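What follows is the content of run.cif, which has mmCIF, C-alpha atoms:
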```cif
data_my_file
loop_
_atom_site.label_atom_id
_atom_site.label_comp_id
_atom_site.auth_asym_id
_atom_site.auth_seq_id
_atom_site.Cartn_x
_atom_site.Cartn_y
_atom_site.Cartn_z
CA MET A 1 -21.54 27.34 -13.15
CA LYS A 2 -18.66 27.57 -15.59
CA ILE A 3 -16.22 24.74 -15.99
CA SER A 4 -13.28 27.12 -15.67
CA THR A 5 -14.62 28.19 -12.27
CA ILE A 6 -14.85 24.56 -11.18
CA PHE A 7 -11.23 23.93 -12.12
CA LYS A 8 -10.05 27.18 -10.57
CA ASN A 9 -11.83 26.23 -7.35
CA GLY A 10 -10.54 22.67 -7.30
CA ILE A 11 -6.93 23.45 -8.07
CA ILE A 12 -6.40 26.83 -6.43
CA LYS A 13 -9.15 28.63 -4.54
CA GLU A 14 -10.47 25.59 -2.70
CA ASN A 15 -7.52 23.23 -3.17
CA PRO A 16 -8.48 20.28 -0.95
CA VAL A 17 -5.02 19.82 0.54
CA LEU A 18 -3.52 23.30 0.61
CA VAL A 19 -6.62 25.36 1.39
CA GLN A 20 -9.30 23.11 2.86
CA LEU A 21 -6.79 20.83 4.61
CA ILE A 22 -8.96 17.74 4.19
CA GLY A 23 -7.79 14.20 3.58
CA MET A 24 -4.55 14.89 5.48
CA CYS A 25 -4.05 11.31 6.66
CA SER A 26 -3.24 9.98 3.22
CA VAL A 27 -1.32 13.13 2.27
CA LEU A 28 1.09 12.76 5.17
CA ALA A 29 1.42 9.01 4.79
CA ILE A 30 1.92 8.38 1.08
CA THR A 31 4.01 11.37 0.00
CA ASN A 32 7.32 9.70 0.96
CA SER A 33 8.02 8.99 -2.71
CA VAL A 34 6.92 10.36 -6.07
CA GLU A 35 5.73 6.95 -7.23
CA ASN A 36 3.41 6.52 -4.25
CA SER A 37 2.13 10.06 -4.69
CA LEU A 38 1.30 9.47 -8.35
CA GLY A 39 -0.39 6.16 -7.57
CA MET A 40 -2.48 7.62 -4.79
CA SER A 41 -3.39 10.62 -6.98
CA ALA A 42 -4.62 8.35 -9.74
CA ALA A 43 -6.67 6.31 -7.27
CA VAL A 44 -8.21 9.44 -5.71
CA ILE A 45 -9.06 11.02 -9.08
CA ALA A 46 -10.68 7.77 -10.24
CA VAL A 47 -12.71 7.23 -7.08
CA LEU A 48 -13.68 10.89 -6.70
CA THR A 49 -14.82 11.30 -10.31
CA LEU A 50 -16.73 8.00 -10.45
CA SER A 51 -18.41 8.50 -7.08
CA ASN A 52 -19.36 12.08 -8.02
CA ILE A 53 -20.95 10.82 -11.25
CA VAL A 54 -22.92 8.04 -9.58
CA ILE A 55 -24.03 10.17 -6.65
CA SER A 56 -25.10 12.93 -9.01
CA LEU A 57 -27.13 10.40 -11.03
CA MET A 58 -28.78 9.10 -7.86
CA ARG A 59 -29.31 12.47 -6.20
CA LYS A 60 -33.08 12.65 -6.92
CA PHE A 61 -33.72 9.16 -5.54
CA ILE A 62 -31.62 9.26 -2.40
CA PRO A 63 -33.75 10.05 0.66
CA SER A 64 -31.93 12.81 2.52
CA LYS A 65 -32.14 10.94 5.85
CA ILE A 66 -29.92 8.11 4.64
CA ARG A 67 -27.77 10.00 2.16
CA ILE A 68 -24.54 9.61 4.14
CA PRO A 69 -24.69 5.78 4.36
CA ILE A 70 -25.52 5.63 0.66
CA PHE A 71 -22.61 7.93 -0.23
CA ILE A 72 -20.30 5.74 1.80
CA VAL A 73 -21.56 2.57 0.09
CA VAL A 74 -20.99 4.12 -3.34
CA ILE A 75 -17.52 5.38 -2.42
CA ALA A 76 -16.55 2.10 -0.74
CA THR A 77 -17.66 0.15 -3.82
CA PHE A 78 -15.41 2.18 -6.09
CA VAL A 79 -12.49 2.01 -3.67
CA THR A 80 -12.81 -1.77 -3.45
CA MET A 81 -12.91 -2.00 -7.23
CA VAL A 82 -9.78 0.16 -7.51
CA GLN A 83 -8.11 -2.00 -4.87
CA MET A 84 -8.95 -5.24 -6.68
CA PHE A 85 -7.78 -3.95 -10.04
CA MET A 86 -4.61 -2.56 -8.51
CA ASN A 87 -3.86 -5.84 -6.76
CA ALA A 88 -4.39 -7.73 -10.01
CA TYR A 89 -2.63 -5.47 -12.49
CA ALA A 90 -0.40 -3.04 -10.55
CA GLN A 91 1.00 -5.17 -7.74
CA PRO A 92 4.07 -3.08 -6.75
CA LEU A 93 1.89 0.00 -6.36
CA TYR A 94 -0.69 -2.01 -4.44
CA LYS A 95 2.03 -3.18 -2.07
CA SER A 96 3.47 0.24 -1.39
CA LEU A 97 0.13 2.02 -0.95
CA GLY A 98 -1.06 -0.81 1.29
CA ILE A 99 -3.52 0.22 3.94
CA PHE A 100 -4.05 3.66 2.41
CA ILE A 101 -6.17 2.36 -0.45
CA PRO A 102 -9.04 1.24 1.80
CA LEU A 103 -8.62 4.48 3.70
CA ILE A 104 -9.69 6.41 0.59
CA VAL A 105 -13.21 5.43 1.66
CA VAL A 106 -13.02 7.67 4.68
CA ASN A 107 -11.02 10.40 2.94
CA CYS A 108 -13.20 13.38 3.82
CA LEU A 109 -12.32 14.97 0.49
CA ILE A 110 -14.50 12.47 -1.35
CA LEU A 111 -17.42 12.53 1.07
CA ALA A 112 -17.23 16.34 1.17
CA ARG A 113 -17.54 16.60 -2.61
CA ALA A 114 -20.43 14.13 -2.63
CA GLU A 115 -22.26 16.09 0.05
CA SER A 116 -21.53 19.64 -1.08
CA PHE A 117 -21.34 19.29 -4.85
CA ALA A 118 -22.46 16.05 -6.49
CA SER A 119 -25.72 15.81 -4.54
CA LYS A 120 -26.70 19.29 -5.74
CA ASN A 121 -25.40 19.45 -9.33
CA GLY A 122 -25.80 17.68 -12.66
CA VAL A 123 -23.76 14.72 -13.84
CA PHE A 124 -21.41 16.59 -16.16
CA LEU A 125 -20.55 19.32 -13.67
CA SER A 126 -20.08 16.72 -10.92
CA ALA A 127 -17.66 14.75 -13.08
CA MET A 128 -15.73 17.94 -13.81
CA ASP A 129 -15.70 18.78 -10.10
CA GLY A 130 -14.31 15.32 -9.33
CA ILE A 131 -11.52 15.75 -11.86
CA ALA A 132 -10.76 19.31 -10.71
CA MET A 133 -10.65 18.46 -7.01
CA GLY A 134 -8.67 15.32 -7.79
CA LEU A 135 -6.16 17.37 -9.75
CA GLY A 136 -5.89 19.85 -6.90
CA TYR A 137 -5.15 16.94 -4.56
CA SER A 138 -2.66 15.43 -7.03
CA ILE A 139 -0.70 18.64 -7.57
CA ALA A 140 -0.26 19.13 -3.84
CA VAL A 141 0.59 15.48 -3.17
CA VAL A 142 3.04 15.09 -6.05
CA THR A 143 4.80 18.34 -5.15
CA LEU A 144 5.18 17.19 -1.58
CA GLY A 145 6.25 13.73 -2.71
CA THR A 146 8.91 15.17 -5.03
CA VAL A 147 10.44 17.36 -2.32
CA ARG A 148 10.32 14.57 0.27
CA GLU A 149 11.88 11.99 -2.02
CA ILE A 150 14.68 14.32 -3.16
CA LEU A 151 15.56 15.46 0.36
CA GLY A 152 14.80 12.24 2.21
CA SER A 153 16.05 9.58 -0.20
CA GLY A 154 18.19 11.59 -2.65
CA SER A 155 16.24 10.24 -5.60
CA PHE A 156 13.41 11.03 -8.00
CA LEU A 157 11.00 8.27 -9.05
CA GLY A 158 13.48 5.80 -7.58
CA MET A 159 16.43 7.07 -9.67
CA SER A 160 19.36 8.18 -7.57
CA LEU A 161 20.21 11.84 -8.17
CA PHE A 162 23.33 12.61 -6.22
CA GLY A 163 25.43 9.45 -6.26
CA GLU A 164 26.77 7.42 -3.38
CA SER A 165 28.33 10.24 -1.35
CA PHE A 166 24.99 12.01 -0.74
CA GLN A 167 23.67 11.48 2.76
CA PRO A 168 19.86 11.75 2.58
CA ILE A 169 18.00 13.50 5.39
CA SER A 170 15.91 10.63 6.70
CA LEU A 171 13.69 13.03 8.65
CA PHE A 172 11.92 13.95 5.42
CA VAL A 173 10.70 10.45 4.66
CA ALA A 174 9.37 10.18 8.22
CA PRO A 175 6.00 11.70 9.21
CA ALA A 176 7.61 14.60 11.10
CA GLY A 177 9.30 15.77 7.90
CA ALA A 178 5.95 15.53 6.10
CA PHE A 179 4.36 17.91 8.60
CA ILE A 180 7.22 20.42 8.30
CA LEU A 181 7.23 20.41 4.50
CA LEU A 182 3.43 20.51 4.28
CA GLY A 183 3.44 23.62 6.48
CA ILE A 184 6.05 25.28 4.30
CA LEU A 185 4.16 24.31 1.14
CA ILE A 186 0.87 25.75 2.45
CA GLY A 187 2.68 28.95 3.47
CA LEU A 188 4.26 29.37 0.05
CA PHE A 189 0.97 28.57 -1.66
CA ASN A 190 -0.88 31.19 0.36
CA ALA A 191 1.81 33.80 -0.09
CA PHE A 192 2.29 33.48 -3.83
CA VAL A 193 -0.28 31.48 -5.76
CA LYS A 194 -3.56 31.98 -3.94
CA LYS A 195 -3.28 35.74 -3.52
CA ARG A 196 -2.32 36.40 -7.10
CA ILE A 197 -5.19 34.34 -8.49
CA ALA A 198 -7.77 35.80 -6.13
CA ASP A 199 -7.05 39.34 -7.34
CA MET B 200 -43.09 2.88 10.40
CA ASN B 201 -43.75 3.02 6.68
CA GLU B 202 -40.97 5.54 6.16
CA THR B 203 -38.48 3.49 8.14
CA LEU B 204 -39.33 0.50 5.98
CA LYS B 205 -38.89 2.53 2.82
CA LEU B 206 -35.52 3.88 3.94
CA GLY B 207 -34.39 0.37 4.83
CA LEU B 208 -35.46 -0.94 1.45
CA VAL B 209 -33.65 1.83 -0.44
CA LEU B 210 -30.50 1.12 1.51
CA LEU B 211 -30.92 -2.62 0.92
CA LEU B 212 -31.30 -2.03 -2.80
CA VAL B 213 -28.21 0.19 -3.00
CA THR B 214 -26.02 -2.23 -1.01
CA ALA B 215 -27.31 -5.22 -3.00
CA VAL B 216 -26.40 -3.56 -6.29
CA ALA B 217 -22.98 -2.58 -4.90
CA GLY B 218 -22.41 -6.15 -3.68
CA GLY B 219 -23.37 -7.55 -7.06
CA ILE B 220 -20.96 -5.26 -8.90
CA LEU B 221 -18.13 -6.12 -6.51
CA ALA B 222 -18.78 -9.85 -6.88
CA GLY B 223 -18.43 -9.40 -10.62
CA VAL B 224 -15.16 -7.47 -10.33
CA ASN B 225 -13.85 -9.99 -7.81
CA SER B 226 -14.50 -12.98 -10.09
CA LEU B 227 -12.62 -11.08 -12.77
CA THR B 228 -9.55 -10.18 -10.70
CA ALA B 229 -9.28 -13.03 -8.16
CA PRO B 230 -7.78 -15.61 -10.58
CA VAL B 231 -5.21 -13.06 -11.79
CA ILE B 232 -4.23 -12.28 -8.19
CA THR B 233 -3.91 -15.93 -7.08
CA GLU B 234 -1.96 -16.80 -10.21
CA ARG B 235 0.48 -13.95 -9.63
CA GLU B 236 0.93 -14.74 -5.93
CA ASN B 237 1.80 -18.35 -6.74
CA GLN B 238 4.21 -17.29 -9.45
CA GLU B 239 5.89 -14.84 -7.08
CA LYS B 240 6.33 -17.50 -4.43
CA PHE B 241 7.79 -20.00 -6.89
CA ALA B 242 10.02 -17.34 -8.42
CA SER B 243 11.36 -16.55 -4.93
CA LEU B 244 11.85 -20.24 -4.16
CA LEU B 245 13.78 -20.69 -7.38
CA GLU B 246 15.96 -17.68 -6.61
CA ILE B 247 17.05 -19.42 -3.42
CA PHE B 248 17.05 -23.04 -4.57
CA THR B 249 18.12 -22.67 -8.19
CA GLU B 250 18.07 -26.43 -8.86
CA ALA B 251 14.68 -27.10 -7.31
CA ASN B 252 12.06 -28.83 -9.44
CA GLU B 253 9.81 -30.37 -6.79
CA PHE B 254 7.90 -28.47 -4.12
CA ILE B 255 5.98 -30.22 -1.34
CA GLU B 256 3.73 -27.95 0.67
CA PHE B 257 3.14 -28.79 4.39
CA GLU B 258 -0.56 -28.93 5.16
CA GLY B 259 -2.96 -29.77 7.98
CA SER B 260 -1.49 -31.28 11.15
CA ASP B 261 2.06 -31.38 9.72
CA LEU B 262 2.01 -27.62 9.59
CA SER B 263 -0.11 -26.89 12.67
CA GLY B 264 2.11 -29.14 14.83
CA ILE B 265 5.12 -26.96 14.05
CA GLN B 266 3.08 -23.77 14.35
CA ALA B 267 2.15 -24.77 17.92
CA SER B 268 5.81 -24.37 18.93
CA TYR B 269 6.69 -21.64 16.40
CA PRO B 270 3.66 -19.41 15.92
CA SER B 271 5.51 -17.10 13.53
CA VAL B 272 5.72 -19.86 10.91
CA ILE B 273 3.00 -19.46 8.28
CA SER B 274 3.99 -22.00 5.67
CA ILE B 275 6.62 -24.64 4.99
CA THR B 276 7.64 -26.05 1.64
CA GLU B 277 10.00 -28.99 1.24
CA VAL B 278 12.21 -28.45 -1.78
CA LYS B 279 13.70 -31.30 -3.81
CA ASN B 280 15.62 -31.86 -7.01
CA ASN B 281 14.65 -35.17 -8.68
CA GLY B 282 13.94 -36.70 -5.27
CA THR B 283 17.09 -35.42 -3.57
CA GLU B 284 16.28 -33.16 -0.67
CA LEU B 285 17.66 -29.65 -1.11
CA GLY B 286 16.12 -28.18 2.02
CA TYR B 287 13.10 -26.34 3.28
CA ALA B 288 11.55 -22.98 2.60
CA VAL B 289 9.89 -21.65 5.74
CA THR B 290 7.80 -18.50 5.51
CA THR B 291 7.56 -16.56 8.75
CA LYS B 292 5.54 -13.54 9.77
CA THR B 293 6.99 -11.22 12.39
CA GLY B 294 6.11 -7.73 13.59
CA GLY B 295 8.19 -4.95 12.06
CA TYR B 296 8.04 -1.19 12.49
CA GLY B 297 5.26 -0.54 10.00
CA GLY B 298 3.34 -3.83 10.16
CA ASP B 299 3.96 -7.50 9.63
CA ILE B 300 6.99 -8.68 7.70
CA ASN B 301 6.75 -11.96 5.81
CA THR B 302 10.10 -13.53 5.16
CA LEU B 303 10.81 -16.57 3.04
CA VAL B 304 13.68 -18.42 4.72
CA GLY B 305 15.49 -20.99 2.63
CA ILE B 306 17.31 -23.59 4.75
CA SER B 307 19.66 -26.10 3.10
CA ALA B 308 19.58 -29.72 4.17
CA ASP B 309 22.77 -29.14 6.23
CA GLY B 310 21.01 -26.52 8.38
CA THR B 311 22.65 -23.39 6.95
CA LEU B 312 20.71 -20.63 5.31
CA ALA B 313 20.42 -21.04 1.55
CA GLY B 314 19.03 -17.53 1.27
CA ILE B 315 16.21 -15.32 2.43
CA LYS B 316 13.72 -13.06 0.74
CA VAL B 317 11.34 -10.58 2.33
CA LEU B 318 8.00 -11.16 0.61
CA VAL B 319 5.69 -8.69 2.32
CA MET B 320 6.54 -5.61 4.35
CA SER B 321 5.37 -2.04 4.87
CA GLU B 322 8.42 -0.52 6.55
CA THR B 323 9.40 3.15 6.33
CA ALA B 324 10.67 4.03 2.85
CA GLY B 325 14.39 4.66 2.84
CA LEU B 326 14.93 3.23 6.33
CA GLY B 327 13.27 -0.09 7.14
CA SER B 328 12.49 -0.68 3.47
CA ARG B 329 16.18 -1.43 2.94
CA ILE B 330 15.44 -4.98 4.13
CA VAL B 331 14.15 -5.31 0.54
CA ASP B 332 15.83 -2.45 -1.31
CA ASP B 333 19.39 -3.17 -0.19
CA PRO B 334 20.43 -6.49 -1.79
CA ALA B 335 23.45 -6.74 0.53
CA PHE B 336 21.09 -7.25 3.47
CA ALA B 337 19.54 -10.47 2.19
CA GLN B 338 22.92 -11.63 0.84
CA SER B 339 24.47 -11.33 4.28
CA PHE B 340 22.29 -14.24 5.46
CA ALA B 341 23.45 -16.77 2.86
CA GLY B 342 25.57 -19.58 4.28
CA LYS B 343 25.07 -18.45 7.88
CA GLY B 344 23.06 -20.08 10.64
CA ALA B 345 25.08 -23.28 11.16
CA GLY B 346 24.96 -22.62 14.92
CA GLY B 347 21.16 -22.60 14.87
CA SER B 348 20.74 -18.84 14.94
CA VAL B 349 22.08 -15.59 13.54
CA THR B 350 22.68 -12.22 15.20
CA PRO B 351 22.72 -8.81 13.54
CA ALA B 352 26.07 -7.03 13.89
CA GLY B 353 27.87 -4.48 11.71
CA THR B 354 28.14 -5.54 8.11
CA GLY B 355 27.53 -9.15 9.07
CA ALA B 356 31.01 -10.37 8.25
CA GLY B 357 31.48 -12.71 11.23
CA ASP B 358 30.30 -16.28 11.67
CA ASN B 359 26.54 -16.36 12.08
CA GLU B 360 26.41 -12.59 11.93
CA VAL B 361 24.16 -10.78 9.51
CA MET B 362 24.06 -7.16 8.42
CA MET B 363 22.64 -4.66 10.90
CA LEU B 364 20.86 -1.85 9.04
CA SER B 365 21.57 1.35 10.93
CA GLY B 366 18.43 3.39 11.49
CA ALA B 367 16.32 0.30 10.97
CA THR B 368 16.92 -1.75 14.11
CA VAL B 369 13.30 -2.81 14.49
CA SER B 370 13.02 -3.94 10.87
CA THR B 371 16.33 -5.80 11.01
CA ASN B 372 15.40 -7.53 14.25
CA ALA B 373 12.01 -8.55 12.86
CA VAL B 374 13.61 -10.26 9.87
CA VAL B 375 16.27 -11.85 12.09
CA LYS B 376 13.59 -13.16 14.47
CA GLY B 377 11.74 -14.71 11.54
CA VAL B 378 14.95 -16.32 10.30
CA ASN B 379 15.87 -17.63 13.75
CA ASP B 380 12.37 -19.03 14.29
CA ALA B 381 12.67 -20.81 10.97
CA LEU B 382 16.11 -22.17 11.92
CA SER B 383 14.83 -23.48 15.27
CA ALA B 384 11.77 -25.01 13.62
CA PHE B 385 14.09 -26.70 11.15
CA SER B 386 16.57 -28.08 13.69
CA ASN B 387 13.87 -29.24 16.13
CA SER B 388 11.16 -30.49 13.83
CA LEU B 389 12.30 -30.82 10.22
CA ALA B 390 15.92 -31.99 10.14
CA ASN B 391 16.36 -35.73 9.79
#
```

Please rewrite the model in this file as structure tokens.
Amino acid sequence: MKISTIFKNGIIKENPVLVQLIGMCSVLAITNSVENSLGMSAAVIAVLTLSNIVISLMRKFIPSKIRIPIFIVVIATFVTMVQMFMNAYAQPLYKSLGIFIPLIVVNCLILARAESFASKNGVFLSAMDGIAMGLGYSIAVVTLGTVREILGSGSFLGMSLFGESFQPISLFVAPAGAFILLGILIGLFNAFVKKRIAD
Amino acid sequence: MNETLKLGLVLLLVTAVAGGILAGVNSLTAPVITERENQEKFASLLEIFTEANEFIEFEGSDLSGIQASYPSVISITEVKNNGTELGYAVTTKTGGYGGDINTLVGISADGTLAGIKVLVMSETAGLGSRIVDDPAFAQSFAGKGAGGSVTPAGTGAGDNEVMMLSGATVSTNAVVKGVNDALSAFSNSLAN
């Protein structure tokens, strides 16, 4: 399998958020600001890549009957490590991502890649797949976060864009706004990007 | 039977290794985290009581006795400057819209609010999060509370009135409840 194919799959053809619609819980919850989206993206890329590498290394030794519990232990270990490091060295981010860091463990995106890719492919390809899928997740999440923060808070990365007179549309920082914008984003993605690339 | 045993052992091995790695990471990060939490608390205390240089933490039965009447109180610190009592810092934990809100409530020796600071919260960004993001909210508490409680109303201009954040009623009320619990705990149990 070519690396370019892996990246094309991860970012466009099988984009985890916009095409496969997996890991929606965190997508809807943390995209209320660009900063949260970037933080969550970094955490997901780190956990996904590391767990793909380790699971790929262990794939010949893992008995297939207990593969799921072992995947979960590996993923949970990395998530806990990310959480501890974030709490120690990136406290504001840790505070705003809150409960959603431990929830990375049950993000089906990561388990899905372990099951369908890392347990069947070599270490290098699995690492690439982790990065590619993570990037696909990040692009979707950061796009959504940017639109939500601009419309819902009138700012970008915490910097006010429109001055005092701008009345932000609070709906877009609430979950309902996330659903509406996610639907529009998926529609646009299908209409323009996915079709063009598939040809 | 043999296979079950083997599967169990493999799983045991994997979890043991994972546990070992996490213990290592924890011993690395735990001191940094504790250190930072303490610094944050002292920094907040000093923001409220700028002249404070002595902090006495309530522990054991002193604390649990007050908690029996005011379950929202999680910690109490007596604040002094060279032996002169400045007041008390009472940390309360109340239920907000998106989870618990921890508020540090600074009460001067005369029973008015020296200042408040929301330490922990997970309220909706842009709405409830203004309890932290909007400095005017915390400022509206300073000097109030002489009557033993505060109520949220408008911009909080009146006596014992504090700012009501529109669109964030639940968050405002949670902070106000924490502050009022701290004020009652002070007037009933702490004031001399």

Which residues fall under the PyMOL selection byres ((chain B) within 12 of (chain A)) in this file, as a VMD selection string? chain B and resid 202 to 203 205 to 236 239 297 to 299 318 to 329 332 365 to 367

Residues of the last selection are to be written out with C-alpha atoms, as a PDB file, in the coordinates of the input.
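That gives us again14.pdb:
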```pdb
ATOM      1  CA  GLU B 202     -40.970   5.540   6.160  1.00  0.00           C
ATOM      2  CA  THR B 203     -38.480   3.490   8.140  1.00  0.00           C
ATOM      3  CA  LYS B 205     -38.890   2.530   2.820  1.00  0.00           C
ATOM      4  CA  LEU B 206     -35.520   3.880   3.940  1.00  0.00           C
ATOM      5  CA  GLY B 207     -34.390   0.370   4.830  1.00  0.00           C
ATOM      6  CA  LEU B 208     -35.460  -0.940   1.450  1.00  0.00           C
ATOM      7  CA  VAL B 209     -33.650   1.830  -0.440  1.00  0.00           C
ATOM      8  CA  LEU B 210     -30.500   1.120   1.510  1.00  0.00           C
ATOM      9  CA  LEU B 211     -30.920  -2.620   0.920  1.00  0.00           C
ATOM     10  CA  LEU B 212     -31.300  -2.030  -2.800  1.00  0.00           C
ATOM     11  CA  VAL B 213     -28.210   0.190  -3.000  1.00  0.00           C
ATOM     12  CA  THR B 214     -26.020  -2.230  -1.010  1.00  0.00           C
ATOM     13  CA  ALA B 215     -27.310  -5.220  -3.000  1.00  0.00           C
ATOM     14  CA  VAL B 216     -26.400  -3.560  -6.290  1.00  0.00           C
ATOM     15  CA  ALA B 217     -22.980  -2.580  -4.900  1.00  0.00           C
ATOM     16  CA  GLY B 218     -22.410  -6.150  -3.680  1.00  0.00           C
ATOM     17  CA  GLY B 219     -23.370  -7.550  -7.060  1.00  0.00           C
ATOM     18  CA  ILE B 220     -20.960  -5.260  -8.900  1.00  0.00           C
ATOM     19  CA  LEU B 221     -18.130  -6.120  -6.510  1.00  0.00           C
ATOM     20  CA  ALA B 222     -18.780  -9.850  -6.880  1.00  0.00           C
ATOM     21  CA  GLY B 223     -18.430  -9.400 -10.620  1.00  0.00           C
ATOM     22  CA  VAL B 224     -15.160  -7.470 -10.330  1.00  0.00           C
ATOM     23  CA  ASN B 225     -13.850  -9.990  -7.810  1.00  0.00           C
ATOM     24  CA  SER B 226     -14.500 -12.980 -10.090  1.00  0.00           C
ATOM     25  CA  LEU B 227     -12.620 -11.080 -12.770  1.00  0.00           C
ATOM     26  CA  THR B 228      -9.550 -10.180 -10.700  1.00  0.00           C
ATOM     27  CA  ALA B 229      -9.280 -13.030  -8.160  1.00  0.00           C
ATOM     28  CA  PRO B 230      -7.780 -15.610 -10.580  1.00  0.00           C
ATOM     29  CA  VAL B 231      -5.210 -13.060 -11.790  1.00  0.00           C
ATOM     30  CA  ILE B 232      -4.230 -12.280  -8.190  1.00  0.00           C
ATOM     31  CA  THR B 233      -3.910 -15.930  -7.080  1.00  0.00           C
ATOM     32  CA  GLU B 234      -1.960 -16.800 -10.210  1.00  0.00           C
ATOM     33  CA  ARG B 235       0.480 -13.950  -9.630  1.00  0.00           C
ATOM     34  CA  GLU B 236       0.930 -14.740  -5.930  1.00  0.00           C
ATOM     35  CA  GLU B 239       5.890 -14.840  -7.080  1.00  0.00           C
ATOM     36  CA  GLY B 297       5.260  -0.540  10.000  1.00  0.00           C
ATOM     37  CA  GLY B 298       3.340  -3.830  10.160  1.00  0.00           C
ATOM     38  CA  ASP B 299       3.960  -7.500   9.630  1.00  0.00           C
ATOM     39  CA  LEU B 318       8.000 -11.160   0.610  1.00  0.00           C
ATOM     40  CA  VAL B 319       5.690  -8.690   2.320  1.00  0.00           C
ATOM     41  CA  MET B 320       6.540  -5.610   4.350  1.00  0.00           C
ATOM     42  CA  SER B 321       5.370  -2.040   4.870  1.00  0.00           C
ATOM     43  CA  GLU B 322       8.420  -0.520   6.550  1.00  0.00           C
ATOM     44  CA  THR B 323       9.400   3.150   6.330  1.00  0.00           C
ATOM     45  CA  ALA B 324      10.670   4.030   2.850  1.00  0.00           C
ATOM     46  CA  GLY B 325      14.390   4.660   2.840  1.00  0.00           C
ATOM     47  CA  LEU B 326      14.930   3.230   6.330  1.00  0.00           C
ATOM     48  CA  GLY B 327      13.270  -0.090   7.140  1.00  0.00           C
ATOM     49  CA  SER B 328      12.490  -0.680   3.470  1.00  0.00           C
ATOM     50  CA  ARG B 329      16.180  -1.430   2.940  1.00  0.00           C
ATOM     51  CA  ASP B 332      15.830  -2.450  -1.310  1.00  0.00           C
ATOM     52  CA  SER B 365      21.570   1.350  10.930  1.00  0.00           C
ATOM     53  CA  GLY B 366      18.430   3.390  11.490  1.00  0.00           C
ATOM     54  CA  ALA B 367      16.320   0.300  10.970  1.00  0.00           C
TER      55      ALA B 367
END
```

Determine the residue membership of the PyMOL selection byres ((chain A and resi 136) around 8) for the file above and supply it as a count of residues only. 14

Non-local contacts of Val123 in chain A (7 Å; only C-alpha atoms; under 4 positions in same chain excluded) as a count of residues only: 4

Quick one: pull the distance between CA of Ser388 in chain B and CA of Gln266 in chain B, Å, one decimal. 10.5 Å

When the PyMOL selection byres ((chain B and resi 376) around 10) is applied to the structure above, which residues does it catch, written out as a ChimeraX atom specification? /B:271,291-294,302,348-350,370-375,377-382

Output C-alpha atoms for every residue in that selection, as a PDB file, in the coordinates of the input.
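Okay, this is what ended up in result.pdb:
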```pdb
ATOM      1  CA  SER B 271       5.510 -17.100  13.530  1.00  0.00           C
ATOM      2  CA  THR B 291       7.560 -16.560   8.750  1.00  0.00           C
ATOM      3  CA  LYS B 292       5.540 -13.540   9.770  1.00  0.00           C
ATOM      4  CA  THR B 293       6.990 -11.220  12.390  1.00  0.00           C
ATOM      5  CA  GLY B 294       6.110  -7.730  13.590  1.00  0.00           C
ATOM      6  CA  THR B 302      10.100 -13.530   5.160  1.00  0.00           C
ATOM      7  CA  SER B 348      20.740 -18.840  14.940  1.00  0.00           C
ATOM      8  CA  VAL B 349      22.080 -15.590  13.540  1.00  0.00           C
ATOM      9  CA  THR B 350      22.680 -12.220  15.200  1.00  0.00           C
ATOM     10  CA  SER B 370      13.020  -3.940  10.870  1.00  0.00           C
ATOM     11  CA  THR B 371      16.330  -5.800  11.010  1.00  0.00           C
ATOM     12  CA  ASN B 372      15.400  -7.530  14.250  1.00  0.00           C
ATOM     13  CA  ALA B 373      12.010  -8.550  12.860  1.00  0.00           C
ATOM     14  CA  VAL B 374      13.610 -10.260   9.870  1.00  0.00           C
ATOM     15  CA  VAL B 375      16.270 -11.850  12.090  1.00  0.00           C
ATOM     16  CA  GLY B 377      11.740 -14.710  11.540  1.00  0.00           C
ATOM     17  CA  VAL B 378      14.950 -16.320  10.300  1.00  0.00           C
ATOM     18  CA  ASN B 379      15.870 -17.630  13.750  1.00  0.00           C
ATOM     19  CA  ASP B 380      12.370 -19.030  14.290  1.00  0.00           C
ATOM     20  CA  ALA B 381      12.670 -20.810  10.970  1.00  0.00           C
ATOM     21  CA  LEU B 382      16.110 -22.170  11.920  1.00  0.00           C
TER      22      LEU B 382
END
```

Counting all atoms listed in the file, what is within 10 Å of Ser274 in chain B, bar same-chain residues fewer than 5 positions away, as a PyMOL selection string? chain B and resi 256-258+262-263+265-266+288-292+303

Output the selection as a JSON list (two decimals), in the coordinates of the input - C-alpha atoms for each residue.
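For reference, part38.json as written:
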```json
[["chain", "number", "residue", "atom", "x", "y", "z"],
["B", 256, "GLU", "CA", 3.73, -27.95, 0.67],
["B", 257, "PHE", "CA", 3.14, -28.79, 4.39],
["B", 258, "GLU", "CA", -0.56, -28.93, 5.16],
["B", 262, "LEU", "CA", 2.01, -27.62, 9.59],
["B", 263, "SER", "CA", -0.11, -26.89, 12.67],
["B", 265, "ILE", "CA", 5.12, -26.96, 14.05],
["B", 266, "GLN", "CA", 3.08, -23.77, 14.35],
["B", 288, "ALA", "CA", 11.55, -22.98, 2.60],
["B", 289, "VAL", "CA", 9.89, -21.65, 5.74],
["B", 290, "THR", "CA", 7.80, -18.50, 5.51],
["B", 291, "THR", "CA", 7.56, -16.56, 8.75],
["B", 292, "LYS", "CA", 5.54, -13.54, 9.77],
["B", 303, "LEU", "CA", 10.81, -16.57, 3.04]]
```

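The space between CA of Val272 in chain B and CA of Ala242 in chain B spans 20.0 Å.
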
Give me, as a list in words, all polymer residues having an atom no more than 6 Å from Met363 in chain B, counting only C-alpha atoms and skipping those fewer than 6 positions away in the same chain.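 Near Met363 in chain B, the qualifying residues are Pro351, Ala352 and Gly353 of chain B.
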